[in-house]
$ cat final18.csv   # CSV, C-alpha atoms
chain,number,residue,atom,x,y,z
A,28,MET,CA,141.7,84.5,48.7
A,29,ASP,CA,145.3,83.5,47.9
A,30,ILE,CA,144.0,80.2,46.5
A,31,LEU,CA,141.7,81.9,44.0
A,32,THR,CA,144.2,84.6,42.9
A,33,GLY,CA,146.8,81.9,42.5
A,34,GLN,CA,144.4,80.2,40.0
A,35,GLY,CA,144.1,83.5,38.0
A,36,HIS,CA,140.8,84.7,39.5
A,37,GLN,CA,140.2,88.2,40.7
A,38,ALA,CA,139.3,87.8,44.4
A,39,ILE,CA,138.4,90.8,46.6
A,40,ALA,CA,138.0,90.6,50.4
A,41,ALA,CA,135.1,92.5,51.9
A,42,SER,CA,134.6,93.2,55.6
A,43,PRO,CA,133.6,96.0,58.0
A,44,SER,CA,137.3,97.0,58.1
A,45,SER,CA,137.2,97.7,54.4
A,46,GLY,CA,133.9,99.5,54.6
A,47,VAL,CA,131.5,96.6,53.7
A,48,ASP,CA,129.0,95.6,56.4
A,49,SER,CA,126.6,92.8,55.5
A,50,VAL,CA,124.4,93.5,58.6
A,51,THR,CA,123.8,97.2,57.9
A,52,GLY,CA,124.2,96.8,54.1
A,53,GLU,CA,126.9,99.5,53.9
A,54,GLY,CA,129.1,99.1,50.9
A,55,LEU,CA,127.5,96.0,49.5
A,56,ASP,CA,126.4,97.4,46.2
A,57,GLU,CA,129.9,98.7,45.5
A,58,ALA,CA,131.5,95.5,46.5
A,59,MET,CA,129.2,93.4,44.3
A,60,ALA,CA,129.7,95.4,41.1
A,61,GLY,CA,131.0,93.1,38.4
A,62,THR,CA,131.0,90.1,40.8
A,63,ASP,CA,130.2,86.6,39.5
A,64,VAL,CA,130.5,84.6,42.8
A,65,VAL,CA,130.1,85.6,46.4
A,66,ILE,CA,131.7,83.4,49.1
A,67,ASP,CA,129.8,84.1,52.3
A,68,LEU,CA,132.0,83.6,55.4
A,69,THR,CA,130.1,85.9,57.6
A,70,ASN,CA,130.1,84.8,61.2
A,71,THR,CA,129.6,85.8,64.8
A,72,THR,CA,131.6,84.6,67.8
A,73,ASP,CA,128.5,84.8,70.0
A,74,PHE,CA,126.6,81.5,70.4
A,75,ASP,CA,123.5,83.1,72.0
A,76,GLU,CA,120.5,82.3,69.8
A,77,ASN,CA,119.1,85.8,70.5
A,78,VAL,CA,122.3,87.2,68.8
A,79,VAL,CA,123.0,84.7,66.0
A,80,VAL,CA,119.5,84.6,64.6
A,81,PRO,CA,119.2,88.3,64.0
A,82,PHE,CA,122.8,88.5,62.7
A,83,PHE,CA,122.3,85.8,60.1
A,84,THR,CA,118.8,87.0,59.2
A,85,LYS,CA,120.0,90.5,58.4
A,86,SER,CA,123.3,89.6,56.9
A,87,THR,CA,122.0,87.0,54.5
A,88,ALA,CA,119.0,89.1,53.4
A,89,ASN,CA,121.3,92.0,52.6
A,90,LEU,CA,123.8,89.9,50.8
A,91,LEU,CA,121.2,88.2,48.6
A,92,ALA,CA,119.4,91.4,47.8
A,93,ALA,CA,122.7,93.1,46.7
A,94,GLU,CA,123.7,90.0,44.7
A,95,LYS,CA,120.4,90.1,42.8
A,96,ARG,CA,120.9,93.8,42.0
A,97,ALA,CA,124.4,93.0,40.7
A,98,GLY,CA,123.5,89.8,38.8
A,99,VAL,CA,125.7,87.5,40.9
A,100,GLN,CA,125.5,83.9,39.6
A,101,HIS,CA,126.7,81.8,42.5
A,102,HIS,CA,126.4,82.3,46.3
A,103,VAL,CA,128.7,80.0,48.3
A,104,VAL,CA,128.1,79.8,52.0
A,105,LEU,CA,130.2,78.1,54.7
A,106,SER,CA,128.0,76.2,57.1
A,107,VAL,CA,128.3,73.3,59.6
A,108,VAL,CA,127.9,69.6,59.2
A,109,GLY,CA,125.0,68.6,61.4
A,110,THR,CA,123.1,71.9,61.2
A,111,ASP,CA,120.1,70.0,59.7
A,112,ARG,CA,120.2,67.3,62.5
A,113,ILE,CA,120.9,69.5,65.5
A,114,GLY,CA,118.1,71.9,64.5
A,115,PRO,CA,117.3,75.5,65.5
A,116,VAL,CA,119.1,75.5,68.8
A,117,GLY,CA,121.8,78.0,70.0
A,118,TYR,CA,124.3,78.9,67.3
A,119,PHE,CA,122.7,76.3,64.9
A,120,ALA,CA,119.5,78.3,65.0
A,121,GLY,CA,121.3,81.1,63.2
A,122,LYS,CA,122.9,78.7,60.7
A,123,THR,CA,119.5,77.2,60.0
A,124,VAL,CA,118.1,80.6,59.3
A,125,GLN,CA,121.1,81.3,57.0
A,126,GLU,CA,120.8,78.1,55.1
A,127,ASN,CA,117.0,78.4,54.6
A,128,ALA,CA,117.4,82.0,53.4
A,129,VAL,CA,120.0,81.0,50.9
A,130,ARG,CA,117.8,78.2,49.6
A,131,ASP,CA,114.9,80.6,49.1
A,132,GLY,CA,117.0,83.6,48.1
A,133,GLY,CA,116.7,83.3,44.3
A,134,VAL,CA,120.5,83.2,43.7
A,135,PRO,CA,122.1,79.9,42.5
A,136,TYR,CA,123.9,78.5,45.6
A,137,THR,CA,126.1,75.9,47.2
A,138,LEU,CA,126.0,75.2,50.9
A,139,VAL,CA,129.4,74.0,52.0
A,140,ARG,CA,128.9,72.2,55.3
A,141,ALA,CA,132.2,71.7,57.1
A,142,THR,CA,133.0,69.6,60.2
A,143,GLN,CA,134.8,71.2,63.2
A,144,PHE,CA,138.3,72.7,62.5
A,145,PHE,CA,141.3,71.3,64.3
A,146,GLU,CA,141.9,74.9,65.4
A,147,PHE,CA,138.6,74.7,67.4
A,148,ILE,CA,139.4,71.6,69.5
A,149,PRO,CA,141.1,73.5,72.3
A,150,MET,CA,138.0,75.7,72.6
A,151,ILE,CA,135.8,72.6,72.7
A,152,ALA,CA,138.0,71.3,75.5
A,153,ASP,CA,137.7,74.6,77.4
A,154,VAL,CA,133.9,74.4,77.2
A,155,GLY,CA,133.9,70.9,78.6
A,156,THR,CA,136.3,71.7,81.5
A,157,ARG,CA,135.0,71.3,85.1
A,158,ASP,CA,137.3,71.5,88.1
A,159,GLY,CA,140.4,71.2,85.9
A,160,LYS,CA,139.2,68.1,84.0
A,161,VAL,CA,137.8,67.9,80.5
A,162,PHE,CA,134.5,66.1,80.1
A,163,LEU,CA,133.5,65.3,76.5
A,164,THR,CA,131.1,63.1,74.6
A,165,PRO,CA,132.3,59.8,73.1
A,166,HIS,CA,130.2,60.6,70.0
A,167,LEU,CA,132.0,60.8,66.7
A,168,MET,CA,133.7,63.8,65.2
A,169,GLN,CA,135.7,64.2,62.0
A,170,PRO,CA,137.6,67.5,62.2
A,171,MET,CA,139.7,69.1,59.5
A,172,ALA,CA,142.3,71.7,59.0
A,173,ALA,CA,141.2,75.2,58.3
A,174,ALA,CA,143.5,75.2,55.3
A,175,ASP,CA,141.6,72.3,53.8
A,176,VAL,CA,138.3,74.1,54.4
A,177,ALA,CA,139.6,77.1,52.5
A,178,ARG,CA,140.8,74.9,49.6
A,179,LEU,CA,137.5,73.1,49.3
A,180,VAL,CA,135.4,76.2,49.6
A,181,ALA,CA,137.5,77.8,46.8
A,182,ASP,CA,136.9,74.6,44.7
A,183,ALA,CA,133.1,75.1,45.3
A,184,ALA,CA,133.3,78.7,44.2
A,185,VAL,CA,134.8,77.9,40.8
A,186,SER,CA,132.5,75.0,40.2
A,187,PRO,CA,128.9,75.2,39.0
A,188,ALA,CA,126.3,76.0,41.7
A,189,LEU,CA,124.9,72.8,43.2
A,190,ASN,CA,121.7,74.4,44.5
A,191,GLY,CA,122.2,71.9,47.3
A,192,GLU,CA,124.7,70.9,50.0
A,193,LEU,CA,128.3,69.8,49.9
A,194,GLU,CA,129.7,68.3,53.0
A,195,ILE,CA,133.4,68.4,53.8
A,196,ALA,CA,135.4,66.6,56.5
A,197,GLY,CA,138.8,65.5,57.7
A,198,PRO,CA,140.4,62.2,56.9
A,199,GLU,CA,140.0,60.7,60.4
A,200,ARG,CA,136.8,59.8,62.4
A,201,ALA,CA,136.9,59.1,66.1
A,202,PRO,CA,135.2,59.9,69.4
A,203,MET,CA,135.4,63.6,70.4
A,204,HIS,CA,137.2,62.9,73.6
A,205,GLU,CA,140.0,61.1,71.8
A,206,PHE,CA,140.7,64.0,69.4
A,207,ALA,CA,140.8,66.4,72.4
A,208,SER,CA,143.1,64.2,74.3
A,209,ARG,CA,145.6,64.1,71.4
A,210,VAL,CA,145.5,67.8,71.0
A,211,LEU,CA,145.9,68.7,74.6
A,212,SER,CA,148.8,66.2,75.0
A,213,ALA,CA,150.6,67.6,72.0
A,214,GLN,CA,150.2,71.1,73.4
A,215,GLY,CA,151.5,70.1,76.8
A,216,ASP,CA,148.2,70.8,78.4
A,217,PRO,CA,148.1,69.0,81.8
A,218,ARG,CA,144.3,68.5,81.8
A,219,THR,CA,143.0,64.9,81.6
A,220,VAL,CA,140.1,64.1,79.4
A,221,ALA,CA,137.2,62.0,80.6
A,222,VAL,CA,134.2,60.5,78.8
A,223,ASP,CA,130.8,62.0,79.6
A,224,PRO,CA,128.0,60.5,77.4
A,225,ASP,CA,125.7,63.4,78.4
A,226,ALA,CA,128.2,66.2,77.6
A,227,GLY,CA,126.7,66.9,74.2
A,228,TYR,CA,128.2,69.5,71.8
A,229,PHE,CA,128.5,73.0,73.4
A,230,GLY,CA,125.7,71.9,75.7
A,231,ILE,CA,123.4,70.6,72.9
A,232,PRO,CA,122.4,66.9,73.0
A,233,ILE,CA,123.8,65.0,70.1
A,234,GLU,CA,123.7,61.4,68.9
A,235,GLU,CA,126.6,59.2,67.6
A,236,THR,CA,126.8,60.7,64.1
A,237,THR,CA,125.1,64.1,64.5
A,238,ILE,CA,128.2,66.1,63.6
A,239,VAL,CA,129.9,63.9,61.1
A,240,PRO,CA,128.8,63.3,57.4
A,241,VAL,CA,126.4,60.5,57.0
A,242,GLY,CA,126.5,60.4,53.2
A,243,GLU,CA,129.0,61.5,50.6
A,244,ALA,CA,131.6,64.1,51.6
A,245,ARG,CA,134.8,65.7,50.2
A,246,ILE,CA,137.7,64.7,52.4
A,247,GLY,CA,140.5,67.0,53.4
A,248,GLU,CA,144.1,66.0,53.0
A,249,LYS,CA,145.7,67.0,56.3
A,250,THR,CA,145.6,64.6,59.3
A,251,LEU,CA,145.5,65.7,62.9
A,252,ASP,CA,149.1,64.5,63.4
A,253,GLN,CA,150.3,66.5,60.4
A,254,TRP,CA,148.5,69.6,61.7
A,255,LEU,CA,149.9,69.2,65.2
A,256,GLN,CA,153.4,68.9,63.8
A,257,GLU,CA,152.9,72.3,62.1
A,258,ASN,CA,151.1,74.0,64.9
A,259,THR,CA,152.8,72.9,68.2
A,260,ASN,CA,156.3,73.5,69.5
A,261,SER,CA,158.7,70.6,69.1
$ encode --input "final18.csv" --output "structure tokens"
Amino acid sequence: MDILTGQGHQAIAASPSSGVDSVTGEGLDEAMAGTDVVIDLTNTTDFDENVVVPFFTKSTANLLAAEKRAGVQHHVVLSVVGTDRIGPVGYFAGKTVQENAVRDGGVPYTLVRATQFFEFIPMIADVGTRDGKVFLTPHLMQPMAAADVARLVADAAVSPALNGELEIAGPERAPMHEFASRVLSAQGDPRTVAVDPDAGYFGIPIEETTIVPVGEARIGEKTLDQWLQENTNS
């Protein structure tokens, strides 16, 4: 939001805490009044397919309906690189539903697919931990700083709607276990990281390039080392 207001745009945050609930529809019409662009960052922390699919189904339908009533001209949604390759499994089942609804929703749109955030790497390590050791796939990832994600999503919001996908990623590409090892080491975490070709991604089988861009992508500026310097104790 600060990025957009700093550029002279009027940006208004909307969430259940401010009386706007995309799942129930509460407050959406009031929030949409006079709005040109909606940035959809709705999310759930639950990875259960039985939770995420209904969440994204209801939320996206309500947002698009309110946008049509208000005459919104651009719907920008933050999604995940690899959603179309992993398919409708677990959390990605919900993102697939969301992406398809936006494509068919009748509002000009841009799907911004981001790679994993640096901030999520410790969680990925936790999921892969067994008996005090971290087991992760050697398949590639290309994570990025959340600040770069915010900047590139803001850029998409003030640009013409693509009616398609824009992929964004970090400046470095390497095996997942290597990124995790660097982060844990910098954070003083004593766990060792081991390679497990069958580890997948949150339990979902993936291939070498499933969760990295395979075509053109916008690249973030911040490297992992820079992010670690800013986010770990010296």
$ closest_residue --input "final18.csv" --among "A:Ala120, A:Leu251, A:Ala97, A:Met150" --to "Leu163 in chain A" --atoms "only C-alpha atoms"
A:Met150
$ residues_around --input "final18.csv" --residues "Ala201 in chain A" --least-positions-apart "4" --cutoff "9 Å" --atoms "all atoms listed in the file" --output "list of chain:residue names"
A:Pro165, A:His166, A:Leu167, A:Met168, A:Gln169, A:Glu205, A:Phe206
$ write_last_selection --input "final18.csv" --atoms "C-alpha atoms" --output "PDB file, keeping the file's coordinate frame"
ATOM      1  CA  PRO A 165     132.300  59.800  73.100  1.00  0.00           C
ATOM      2  CA  HIS A 166     130.200  60.600  70.000  1.00  0.00           C
ATOM      3  CA  LEU A 167     132.000  60.800  66.700  1.00  0.00           C
ATOM      4  CA  MET A 168     133.700  63.800  65.200  1.00  0.00           C
ATOM      5  CA  GLN A 169     135.700  64.200  62.000  1.00  0.00           C
ATOM      6  CA  GLU A 205     140.000  61.100  71.800  1.00  0.00           C
ATOM      7  CA  PHE A 206     140.700  64.000  69.400  1.00  0.00           C
TER       8      PHE A 206
END
$ atom_distance --input "final18.csv" --atom1 "CA of Ser86 in chain A" --atom2 "CA of Thr137 in chain A"
17.0 Å
$ closest_residue --input "final18.csv" --among "A:Gln143, A:Ser106, A:Ser49, A:Asn127" --to "Ala92 in chain A" --atoms "all atoms listed in the file"
A:Ser49
$ atom_distance --input "final18.csv" --atom1 "CA of Arg96 in chain A" --atom2 "CA of Gly61 in chain A"
10.7 Å
$ closest_residue --input "final18.csv" --among "A:Val65, A:Ala226, A:Leu193, A:Ala88" --to "Val124 in chain A" --atoms "only C-alpha atoms"
A:Ala88
$ residues_around --input "final18.csv" --residues "Ala172 in chain A" --least-positions-apart "3" --cutoff "12 Å" --atoms "only C-alpha atoms" --output "PyMOL selection string"
chain A and resi 141-148+169+175-179+195-199+246-255+257-258
$ residues_near_point --input "final18.csv" --point "(127.7, 81.6, 51.6)" --cutoff "6 Å" --atoms "only C-alpha atoms" --output "list in words"
Ile66, Asp67, His102, Val103, Val104 and Leu105 of chain A
$ closest_residue --input "final18.csv" --among "A:Pro232, A:Glu192, A:Pro240, A:Thr259" --to "Gly215 in chain A" --atoms "only C-alpha atoms"
A:Thr259
$ closest_residue --input "final18.csv" --among "A:Val108, A:Val161, A:Val134, A:Val79" --to "Gly121 in chain A" --atoms "only C-alpha atoms"
A:Val79
$ atom_distance --input "final18.csv" --atom1 "CA of Gly227 in chain A" --atom2 "CA of Glu76 in chain A"
17.2 Å
$ residues_around --input "final18.csv" --residues "Ala40 in chain A" --least-positions-apart "3" --cutoff "12 Å" --atoms "all atoms listed in the file" --output "CSV table (one decimal) with C-alpha atoms, in the coordinates of the input"
chain,number,residue,atom,x,y,z
A,28,MET,CA,141.7,84.5,48.7
A,29,ASP,CA,145.3,83.5,47.9
A,31,LEU,CA,141.7,81.9,44.0
A,32,THR,CA,144.2,84.6,42.9
A,37,GLN,CA,140.2,88.2,40.7
A,43,PRO,CA,133.6,96.0,58.0
A,44,SER,CA,137.3,97.0,58.1
A,45,SER,CA,137.2,97.7,54.4
A,46,GLY,CA,133.9,99.5,54.6
A,47,VAL,CA,131.5,96.6,53.7
A,48,ASP,CA,129.0,95.6,56.4
A,55,LEU,CA,127.5,96.0,49.5
A,58,ALA,CA,131.5,95.5,46.5
A,59,MET,CA,129.2,93.4,44.3
A,62,THR,CA,131.0,90.1,40.8
A,65,VAL,CA,130.1,85.6,46.4
A,66,ILE,CA,131.7,83.4,49.1
A,67,ASP,CA,129.8,84.1,52.3
A,68,LEU,CA,132.0,83.6,55.4
A,69,THR,CA,130.1,85.9,57.6
